[in-house]
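Heads up: the structure comes next, in structure tokens.
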Amino acid sequence: MAGLATAFGSGAMTNSITDLGESDCFLITGTNTTENHPVIATFIKRAVTHRGAKLILADPRNIELGKFATIWLRQKPGTDVAWINGMMNVIISEGLLNEKFVTERTENFEALKATVSKYTPEYVEKISGIPAGDLKKAARLYAKSGASAIVYAMGITQHINGTDNVKSLANLAMLTGQIGRPGTGVNPLRGQNNVQGACDMACLPGNLPAYKKVTEAADRKPFEDVWGVSLPDKVGFTIPKIIDAAASGAVKALYVMGENPMMSDPDVKHVEKALKNLDLLVVQDIFLTETGNLAHVVLPTAGWSEKEGTYTNTERRVQRIRKAVDAPGEARPDWEIITLLANRLGANWKYASAKDIFEEVRKVTVSYAGITYDRIEKEGIQWPCPNTEHPGTQILHSAAFTRGKGLFSVCEHIDPAELPDNEYPLLLTTGRILYQYHTATMSRRSKGLVSRTPQPFVEIHPDDAAKLGIAHGDKIEVSSRRGSIEVFAEVNGRCDKGVVFIPFHYSEAAVNRLTHTAIDPVANIPEYKVSAVKIRKVA
Amino acid sequence: MVITIDGKKCEFTAGQTVYEVAKANGISIPVLCHHEQIKPVGACRVCVVEVEKARSLVASCAMPAEDGMVVHTSTPRVLSSRKLSVELLMTQGHHNCITCESSGDCVLQDLAYSLGIESPRFGEPETYRELEQANEMIVRDMNKCVLCGLCVRACNEVQVNQVLDYSGRGPTAAVGPAFGLTYENSDCVFCGECVRVCPVGALFEKQGRFQGRANDLEKVRTTCAYCGVGCQMDVNVKENRILKITTPREGAPAPNFGSLCIKGRFGYDFVSHEDRLTKPMIRVDGELKEATWDEAIAYVAEKLGSVKKKNGPDAVAGLSSARCTNEENYLFQKFLRAVIGTNNVDHCARL
């Protein structure tokens with residue numbers, strides 16, 4: 001999100017889900033859409049099959065969308081800046097850029113031009129493995145189509161230079177003017193039901209709701225007025241820093257609501273050591289998670305179908321959830337628990353319902369001000385929605401960027417933090433699969449989902465498997481410098497030679513025992529998409 | 001441009017079908033093989049109408065409106081043809097409503113009832129086909145299939161999963177995955193779009209079977225709990241239990257317009273899993289022991305207070321959740337900032 005915020009002034013999906021159906025050309029990268037956002041994939045597949053829209057797929061794995069692709073660019077993991085710069089090199093050298101858009105709506109173009117000049121398709125081929133001819137075709141297709149949409153997800157961001165990857169995609173869209181109109185834009189797909197909302201609501205160490213800065217007195221003031229306290233002005237710790245601070249003893253108490261860092265964070269051994277070092281670990285959840293097992297206090301909460309409230313989806317649409325059944329036993333909604341705690345610590349909060357809280361959110365969050373429970377009774381509204389007459393916003397940046405002019409950033413290719421070597425010769429990339437979800441506390445407790453993928457697996461190329469005497473279904477040990485796990489071999493052609501893929505859903509084979517803690521310096525996102533491993537058949 | 005339907009002048013725009021114009025003007029024509037998101041094929045003939053000067057009855061769902069057209073939707077000729085069509089549909093299978101999951105939510109049942117069909121005129125087929133119910137999610141009862149083709153068309157046109165197709169001819173005609181494979185053994189990804197559009201009891205959800213039908217169920221509209229698409233869905237509840245997740249057959253809202261994936265449609269049963277936490281717990285002598293809410297809140301507040309006092313507010317941190325609501329996330333960061341006094345708050349957007 002930091003990347004888009006730098007380029008455009010707003011770190012959210014620029015266009016809308018329905019709008020994707022109007023695209024003439026898709027550039028899809030770092031998103032296995034049919035598995036991780038299946039319903040969004042239907043809009044893309046329909047556009048391609050029914051309307052003849054073109055699809056450029058840039059993905060190291062031969063994913064399902066490959067069947068629909070006009071061109072498939074198979075980059076080596078961790079080389080995204082290079083191929084995106086390469087596309088811009090072609091666009092500039094062939095005069096396919098949108099000069100009017102660049103002149104009127106952007107700044108810093110000369111610096112971009114100078115940087116991408118060395119990323120010729122031939123140079124990029126050496127770094128990324130993408131044939132120069134394919135890259136040229138892709139660049140032309142993207143630039144020349146009437147409306148081209150970029151769609152990406154964690155395959156772009158989970159790198160040490162994830163922010164640069166995103167900035168590069170933003171550069172590409174601005175260079176060609178493929179933004180601010182229907183069917184265009186730079187569209188990050190958010191992986192969880194309410195990531196967008198959690199960001200909007202400022203569960204981020206440097207922000208107050210609606211992306212106000214904790215460091216700015218003027219930004220803090222409205223919140224201090226409504227909340228009746230003076231607020232801290234120092235940017236707090238991100239998750240990786242919180243874990244480090246817990247390990248070092250700087251953080252002594254950690255309150256975890258609905259998170260499972262023992263599964264989701266890199267280098268689980270390090271996380272475990274850190275959490276065990278705390279004086280107080282409170283875990284509030286619907287199940288006893290791997291993290292809950294280490295807690296001093298566990299608080300049972302009401303789940304998704306047991307409470308009222310709102311989620312904000314990937315296209316900024318604020319939608320209701322409603323209570324359908326009672327929570328089990330004494331479990332209660334998270335907001336009630338937080339209120340109890342706050343009041344026990346001397347606050348005087350009087351929220352009686354989720355709606356009460358939302359009314360306060362509207363008061364302090366400009367982009368949500370026009371959204372009310374009544375207005376979203378039947379259909380959600382997309383922020384920004386500044387007043388109750390406003391219909392919501394489907395496309396951002398149509399007349400001007402949120403920050404005024406769009407900013408071209410200069411990004412250079414850098415190698416991933418850990419590449420394969422003689423000792424650990426394979427490149428491991430991680431992600432999700434269709435039938436499971438995140439740390440799987442929910443999806444592995446669902447009969448139907450479990451029946452589809454009961455056991456952890458590693459995808460491996462047939463040539464690599466043959467070399468190591470591995471057959472489909474064999475039990476395999478996968479090791480990195482951090483640890484090792486046992487999984488079953490899925491020998492297929494989805495990964496290229498030298499690359500293996502393991503989903504991160506399985507606690508008995510938690511792939512984050514293998515991943516490393518190198519992070520993007522700006523966004524603090526771990527490099528889940530590249531680490532070095534070795535594998536062997538377990539006798 | 002204007003057409004006249006049952007004496008009512010109706011304006012329309014080029015490309016609209018007679019059925020669509022009628023619907024937009026509050027004139028109801030029954031349909032079975034038609035769906036607003038799927039190209040019309042006019043296969044079932046249930047939607048026939050009489051068009052003046054036309055040689056025969058026409059399928060209104062597939063007939064483009066033309067300026068000056070005069071249409072009658074319920075002449076004796078139309079009704080008798082419609083009745084015959086439904087009777088013929090009924091003869092293709094065993095339509096036993098007594099234990100059918102779709103009873104109360106079945107287009108064929110509604111048609112037979114409204115047309116006053118007392119019993120199947122042409123009898124039933126002699127063979128009875130085994131139900132396909134090996135998988136945990138979808139049951140296929142091909143005895144009830146009327147070959148409307150909506151499942152095939154939804155699989156290809158709406159979800160573009162390209163798994164279902166037609167096979168056979170005449171009495172052996174069938175719908176399903178290639179080579180007669182079961183859903184389980186085919187490339188099916190269990191999105192359930194076929195179940196959503198099936199107008200009869202041929203495809204239905206397995207988990208809540210024999211536990212409640214349309215008339216027993218309360219539908220609660222909500223947003224899916226899984227990925228960030230934010231699909232709108234209806235939780236079907238009976239006696240405080242979720243029996244299934246459905247989406248409206250037609251008229252479903254953005255962003256998903258009724259489509260879901262396997263997780264949204266079939267991944268709800270974690271809610272009632274026996275592992276759910278039901279009581280607060282506090283660790284005593286290395287073990288988590290049940291406690292009252294009052295004890296647990298007092299314990300946490302006391303500890304947080306003392307850490308803050310001894311080590312300062314920045315010795316406290318919070319991890320919030322992209323799974324929780326906006327209201328809860330708002331309150332969580334407000335708690336850390338306004339009550340504890342630290343900006344150490346983050347969530348899993350990065351992971």
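Chain identifiers are assigned as A, B, and so on, following the order in which chains appear in the structure tokens; residues are numbered from 1 within each chain, and ligands are numbered from 1 in order of appearance.
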Practice task
Extract, using only C-alpha atoms, all DNA, RNA and protein residues at most 9 Å from Ser28 in chain B, discarding same-chain residues fewer than 6 positions from it, and format them as a PyMOL selection string.
Solution key: chain B and resi 19+22+73
Residues near range 321-338 of chain B, anyone? I mean within 7 Å using only C-alpha atoms, not counting same-chain ones fewer than 4 positions away, as a VMD selection string. (chain A and resid 192 to 195 197 to 198 201 to 203 229 231 to 232 257 to 259 309 to 311 334 to 335 338 342 354 357 to 358) or (chain B and resid 342 to 343 345 347 to 349)
Write a file of the selected residues as a PDB file, in the first residue's frame, keeping C-alpha atoms.
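Contents of again20.pdb, freshly written:
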```pdb
ATOM      1  CA  GLN A 192      -8.669 -10.982   3.713  1.00  0.00           C
ATOM      2  CA  ASN A 193     -12.266 -10.008   4.253  1.00  0.00           C
ATOM      3  CA  ASN A 194     -11.392  -6.798   6.022  1.00  0.00           C
ATOM      4  CA  VAL A 195      -7.761  -5.895   5.354  1.00  0.00           C
ATOM      5  CA  GLY A 197     -11.078  -1.853   6.666  1.00  0.00           C
ATOM      6  CA  ALA A 198      -8.380  -2.664   9.229  1.00  0.00           C
ATOM      7  CA  MET A 201      -9.498   2.101  10.713  1.00  0.00           C
ATOM      8  CA  ALA A 202      -5.768   2.639  11.369  1.00  0.00           C
ATOM      9  CA  CYS A 203      -4.630  -0.611  12.872  1.00  0.00           C
ATOM     10  CA  VAL A 229      -7.155  12.514  25.424  1.00  0.00           C
ATOM     11  CA  LEU A 231      -2.316  11.087  21.692  1.00  0.00           C
ATOM     12  CA  PRO A 232       1.197   9.667  21.264  1.00  0.00           C
ATOM     13  CA  MET A 257      -7.133  -9.948  18.545  1.00  0.00           C
ATOM     14  CA  GLY A 258      -7.886 -12.526  15.868  1.00  0.00           C
ATOM     15  CA  GLU A 259      -4.312 -12.975  14.679  1.00  0.00           C
ATOM     16  CA  GLY A 309     -20.784  -4.799  11.978  1.00  0.00           C
ATOM     17  CA  THR A 310     -19.161  -3.869   8.678  1.00  0.00           C
ATOM     18  CA  TYR A 311     -16.294  -5.062   6.505  1.00  0.00           C
ATOM     19  CA  ASP A 334     -14.625  -8.344  20.184  1.00  0.00           C
ATOM     20  CA  TRP A 335     -15.949  -4.799  20.514  1.00  0.00           C
ATOM     21  CA  ILE A 338     -12.351  -4.145  24.215  1.00  0.00           C
ATOM     22  CA  ALA A 342     -10.999   0.038  28.359  1.00  0.00           C
ATOM     23  CA  ALA A 354     -21.624  -1.904  16.676  1.00  0.00           C
ATOM     24  CA  ILE A 357     -19.133   2.655  17.102  1.00  0.00           C
ATOM     25  CA  PHE A 358     -19.730   3.119  13.394  1.00  0.00           C
TER      26      PHE A 358
ATOM     27  CA  THR B 342       1.006   3.783  22.359  1.00  0.00           C
ATOM     28  CA  ASN B 343       1.017   3.585  18.559  1.00  0.00           C
ATOM     29  CA  VAL B 345      -0.650  -1.405  16.772  1.00  0.00           C
ATOM     30  CA  HIS B 347      -2.331  -6.179  11.744  1.00  0.00           C
ATOM     31  CA  CYS B 348      -1.722  -8.888   9.211  1.00  0.00           C
ATOM     32  CA  ALA B 349      -2.115  -6.876   5.989  1.00  0.00           C
TER      33      ALA B 349
END
```
Within 6 Å of range 2-7 of chain B using only C-alpha atoms, minus same-chain residues under 3 positions, as a PDB file with C-alpha atoms, in the first residue's frame:
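Okay, part-v7.pdb is ready:
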```pdb
ATOM      1  CA  CYS B  10     -44.604  -0.980 -23.109  1.00  0.00           C
ATOM      2  CA  GLU B  11     -41.578   1.022 -24.157  1.00  0.00           C
ATOM      3  CA  ASP B  67     -41.609  -2.134 -32.628  1.00  0.00           C
ATOM      4  CA  GLY B  68     -45.354  -2.543 -32.893  1.00  0.00           C
ATOM      5  CA  MET B  69     -45.420  -6.149 -31.724  1.00  0.00           C
ATOM      6  CA  VAL B  70     -48.656  -7.235 -30.002  1.00  0.00           C
ATOM      7  CA  VAL B  71     -48.173  -9.956 -27.396  1.00  0.00           C
ATOM      8  CA  HIS B  72     -50.593 -12.031 -25.332  1.00  0.00           C
TER       9      HIS B  72
END
```
As a check of understanding: the span from CA of Gly183 in chain A to CA of Gly78 in chain A is 27.8 Å
| said: Give me, as a list of chain:residue names, all polymer residues having an atom no more than 9 Å from Glu508 in chain A, counting only C-alpha atoms and skipping those fewer than 5 positions away in the same chain. | reply: A:Pro456, A:Ile485, A:Glu486
Export of the given selection (C-alpha atoms) as an mmCIF file, in the first residue's frame:
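What follows is the written file out-v6.cif:
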```
data_model
loop_
_atom_site.group_PDB
_atom_site.id
_atom_site.type_symbol
_atom_site.label_atom_id
_atom_site.label_comp_id
_atom_site.auth_asym_id
_atom_site.auth_seq_id
_atom_site.Cartn_x
_atom_site.Cartn_y
_atom_site.Cartn_z
ATOM 1 C CA PRO A 456 0.337 -30.376 3.225
ATOM 2 C CA ILE A 485 9.126 -29.567 7.560
ATOM 3 C CA GLU A 486 7.649 -32.734 6.088
#
```
